[in-house]
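Trainee: Sharing a structure with you now.
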Amino acid sequence: MKQFTSNELRNGWLNFYKERGHVDVGAVSLVSDGSTGVLFNVAGMQPLMPYLLGQKHPLGTRLCNVQGCVRTNDIDSVGDKSHVTFFEMMGSWSLGDYFKEERTKWSYELLTEVYGFDRDHLAATVFAGDENAPRDEEGAQCRINSGFKPENVYYLPAEDNWWGLEYGPCGPDSEMFYIADVPDCGPNCGPGCNCGKYTELGNDVFMQYEKHKDGHLTPLKQKNVDTGWGLERNLAFLNGTKDVYQTDLFAPVIAYIEKEAGCKYEADEKQTRSMRILSDHMRTSVMLIGDEARLTPSNAGAGYVLRRLIRRAVRHGRMLGLKKDNFIKIATIFIDEIYNESYPLLVKQRDFILKELDKEIVRFESTLENGMKEFKKILDEKVKAGEHKIDGKSAFYLYDTFGFPLELTVEMALEEGVSVDEAGFDSAMEEQKKKARENQNFSAKLSADADLFNDLSADITSEFIGYDALTCESSITALASESAIVSVLSEGENGTVIVPETTFYATMGGQKGDIGEIATPSGVFAVVETVKLPENRIGHVGCVTSGSIKVGEKATMSVDSANRMNTCRNHSATHLLQAALQEVLGDQVHQQGSYQDAERTRFDFSHGQAVTKEELAKVEAIVNEKIAQGLGVLTQVMDVEEAKASGAMALFGEKYGDSVRVVSMGDFSKELCGGTHVANTSDIHNFKILAESGVAAGVRRIEAITGANVLAYYAGLEAQLSEAAAIVKSTPANLNDKLKAMMAEIKALQSENESLKSKAAKDALGDVMNQVKEVSGVKLLATSVAGVDMNGLRDLSDQLKAKLGEGVVVLASEQDGKVNLVAMATDGAMAKGAHAGNLIKGIAALVGGGGGGRPNMAQAGGKNPAGISDAIAEVEKVLALQLS
């Protein structure tokens with residue numbers, strides 16, 4: 001193996017592929033555009049997904065790049081030798097160009113000629129085949145022909161060597177490994193095990209099939225190759241270590257921390273973990289702030305992740321004795337020394353990065369010390385009370401008052417052996433959000449109140465010009481604070497902006513209004529809601545985030561493109577949904593209401609009964625079929641009567657003007673609609689119904705998602721399925737059989753356990769029939785037994801009652817420091833006045849508890865085992881009173 005610097009590795013990768021006809025497409029923003037349903041770009045292939053799915057790439061069919069990625073799903077693992085939150089993927093792609101022969105040949109050349117691996121230490125895996133697709137013999141032979149030893153080519157199942165989505169392009173993948181000079185871990189040692197002998201180097205995905213909705217596969221017309229190698233992992237490995245923090249990507253920062261903190265890397269496990277977390281999180285924060293998206297810390301979305309990273313870094317830095325100036329210096333090392341050549345944008349945005357970091361660190365440090373004291377106080381109170389969980393309200397208090405992200409509180413609690421009620425935190429958070437929404441609505445109401453704008457000139461109106469554009473140049477004609485018309489809004493002030501022309505769609509017809517930004521020469525206004533105002537005006541409601549804005553200023557109107565596109569997907573899908581419902585359920589289906597935003601669509605319709613699962617499946621299939629057909633979406637402006645005569649559906653009770661917009665989707669759907677839509681149904685990508693319910697008499701509601709939200713939904717389900725399978729040591733494919741077997745085993749064990757407990761209880765009780773007394777002509781058996789739970793106590797009581805024939809049975813037992821009481825009375829005893837429920841009430845207080853029940857059977861619990869003997873003695877007195 002040869003040793004490389006990180007720059008040499010990046011450049012070597014790109015040059016290798018450029019020499020073979022590939023074009024470097026460059027990296028895209030770390031912050032996702034919203035089309036994939038995730039906050040960040042999490043894989044090198046993610047930005048190229050449309051082209052892998054068939055769209056033509058303007059730069060050709062052979063592509064390569066080095067793409068930065070951010071993943072925080074395993075942030076708790078950061079602190080070991082390998083996990084990081086920012087990483088780089090070295091990628092290359094064939095879009096219907098070369099396939100397995102060329103791909104495997106080049107991978108072997110890269111491994112041996114560029115990176116210096118020898119043949120004896122290289123292994124590869126290929127798809128072993130299953131009931132859906134054959135064994136990848138071609139891939140295996142190509143690996144061997146390229147230079148891999150036949151005995152070092154392994155066949156592994158689909159969970160290891162298959163790539164694909166729910167449906168669409170899919171195929172086998174083939175991974176490459178380095179074989180270490182260590183003994184096998186066993187007879188089945190190979191790339192599929194985790195013994196450490198095999199280290200993954202890279203992966204080639206061969207997209208050669210199309211998976212249809214019914215599950216069957218057909219050969220794909222455009223066969224693609226997606227190759228991905230992790231830069232950090234390979235850099236460490238090529239330099240003789242598995243610790244990425246000992247590569248040149250981190251080494252200068254680690255050295256600086258050692259010097260300033262006065263500690264040695266790897267000398268102390270806890271300190272080393274903090275050094276890694278600090279280094280990683282500061283690196284990712286620098287990358288996100290310095291990205292072309294210029295991300296800044298906030299309390300939502302990607303900005304919240306950034307805030308969490310910075311604050312976690314600060315906490316671990318403080319544990320090492322470091323302060324703000326040290327954190328800023330670490331950022332400058334990443335900008336000026338480590339990434340100055342490969343990420344020149346960081347150097348260009350250096351001042352902005354350091355300013356944003358400084359602001360966030362100062363903001364957090366100002367409350368960190370007091371917050372730590374409050375955390376310690378809460379912790380001490382819980383421990384003193386014998387509790388091992390911090391309640392959700394306390395965790396939210398730390399978040400709301402001291403800026404502690406929930407994850408930080410959870411991490412600190414775990415370090416003290418205490419858990420956190422995360423569900424309780426979520427409830428407290430939701431309660432605050434509800435109040436915030438109420439306050440926001442009140443604020444918007446003030447800004448949008450008709451009386452507030454009465455004094456404006458009648459010629460101050462707004463025109464929406466955003467059907468075909470997301471940006472435009474306009475000017476500010478009116479401003480309002482939350483209570484008055486004003487001429488200036490300054491930083492931090494909420495208000496409403498009115499302009500003569502806008503690309504912002506105002507909330508109407510069920511479609512949520514646009515969000516985005518208004519920029520003037522003197523300030524920036526973040527638009528969080530766009531509303532329709534009286535007198536043909538459009539209000540842009542939000543807050544000044546920097547500087548100030550003034551009436552008369554020129555303004556650049558910029559709609560959030562990802563939010564608009566996702567809203568369009570949901571709106572257009574709703575049209576398809578209504579047509580599909582009419583096709584499946586009948587023409588009596590009519591819209592009763594709807595709502596679409598960037599996250600989901602909600603459609604209310606007339607129907608007298610619940611829609612069956614089969615009917616919902618048909619509706620969903622029809623909508624997805626129309627999406628796949630790529631129907632053109634045509635919008636025409638016409639006379640309202642002409643529109644109705646053409647067959648366009650109108651919303652009952654809705655008032656329309658003289659001219660209306662008619663939206664057609666092929667020959668399948670035609671509706672009167674003033675909202676924004678996709679250009680083609682294929683832009684919706686996919687559609688998934690989440691729920692169907694009744695909202696009023698004769699009105700049903702369907703909630704659904706589209707596009708990237710569907711992928712995120714299935715990814716979540718897949719993750720849950722994989723996690724469930726892993727828990728029971730199975731695979732997703734075999735999970736059903738595994739669960740059936742486990743349930744049968746559990747049932748058998750439960751039965752056996754109950755039998756053993758019953759026998760143990762009998763043995764513990766012994767022969768107690770000689771303790772039977774007679775009270776006013778009624779036989780009474782009152783005694784105690786050790787270590788029997790409530791179920792076991794009831795079983796014993798039933799058995800003793802049967803032996804007794806007629807009478808009253810009372811049993812008490814101590815288990816784990818608590819008391820269980822059971823009382824039973826036969827029909828004959830009850831006829832004479834015995835009442836099990838009242839009997840329990842009469843003795844439960846003696847064991848520090850309470851309870852009751854029916855005349856024939858009652859039970860109770862208590863906290864004072866020392867009172868058991870007194871309670872048993874009291875039974876005779878209480879029963880005597882009942883019988884007197």
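Each chain in the structure tokens gets a letter, A, B and so on, in the order shown; residues start at 1 in every chain, and ligands are counted from 1 in the order they appear.
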When DSSP works through the backbone of this structure, what residues of region 471-651 of chain A end up as alpha helix (DSSP H), shown as a VMD selection string?
Mentor: chain A and resid 561 to 585 613 to 628 640 to 645
Trainee: Can you list every residue in region 97-262 of chain A that DSSP puts in strand (DSSP E or B), as a PyMOL selection string?
Mentor: chain A and resi 122-127+153-156+162-164+168-179+198-211+217-230
Trainee: Identify, on the basis of only C-alpha atoms, every residue whose closest approach to Val662 (chain A) does not exceed 6 Å; exclude the query and any residue fewer than 4 positions from it along the same chain; express the result as a list in words.
Mentor: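 Here the qualifying residues turn out to be Thr635, Gln636, Glu671, Leu672 and Cys673 of chain A.
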Trainee: With only C-alpha atoms as the basis for distance, which of A:His590, A:Thr731, A:Leu235, A:Met857 is at the shortest distance from Glu159 (chain A)?
Mentor: A:Thr731
Trainee: Could you pull the residues within 7 Å of Met638 (chain A), counting only C-alpha atoms, minus those fewer than 6 positions along the same chain, as a PyMOL selection string?
Mentor: chain A and resi 659-661
Trainee: Let me see the file: selected residues, N, CA, C and O atoms, as a short mmCIF file (atom, residue, chain, number, x, y, z; two decimals), in the first residue's frame.
Mentor:
data_model
loop_
_atom_site.label_atom_id
_atom_site.label_comp_id
_atom_site.auth_asym_id
_atom_site.auth_seq_id
_atom_site.Cartn_x
_atom_site.Cartn_y
_atom_site.Cartn_z
N SER A 659 -63.52 34.93 -15.15
CA SER A 659 -62.55 34.03 -15.79
C SER A 659 -61.88 33.18 -14.72
O SER A 659 -61.65 33.65 -13.60
N VAL A 660 -61.57 31.94 -15.08
CA VAL A 660 -61.00 30.99 -14.12
C VAL A 660 -59.84 30.25 -14.77
O VAL A 660 -59.70 30.22 -15.99
N ARG A 661 -59.02 29.64 -13.92
CA ARG A 661 -57.93 28.78 -14.40
C ARG A 661 -58.41 27.34 -14.36
O ARG A 661 -58.93 26.88 -13.35
#
Trainee: Considering only C-alpha atoms, return as a ChimeraX atom specification whatever protein or nucleic-acid residues lie within 7 Å of region 565-567 of chain A, sequence-local ones (same chain, fewer than 6 positions apart) excluded.
Mentor: /A:596-598
Trainee: Which of these residues is nearest to Met665 (chain A), using only C-alpha atoms: A:Ala573, A:Ile746, A:Leu846, A:Val584?
Mentor: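 Of all the options, A:Ala573 lies closest to Met665 (chain A).
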Trainee: Pick out the residues sitting within 12 Å of Ala691 (chain A), and hand them over as JSON, numbers by chain; count only C-alpha atoms, and ignore anything fewer than 2 positions along from it in its own chain.
Mentor: {"A": [600, 601, 602, 603, 604, 610, 611, 612, 613, 616, 617, 620, 688, 689, 693, 694, 700, 701, 702, 703, 704, 705]}
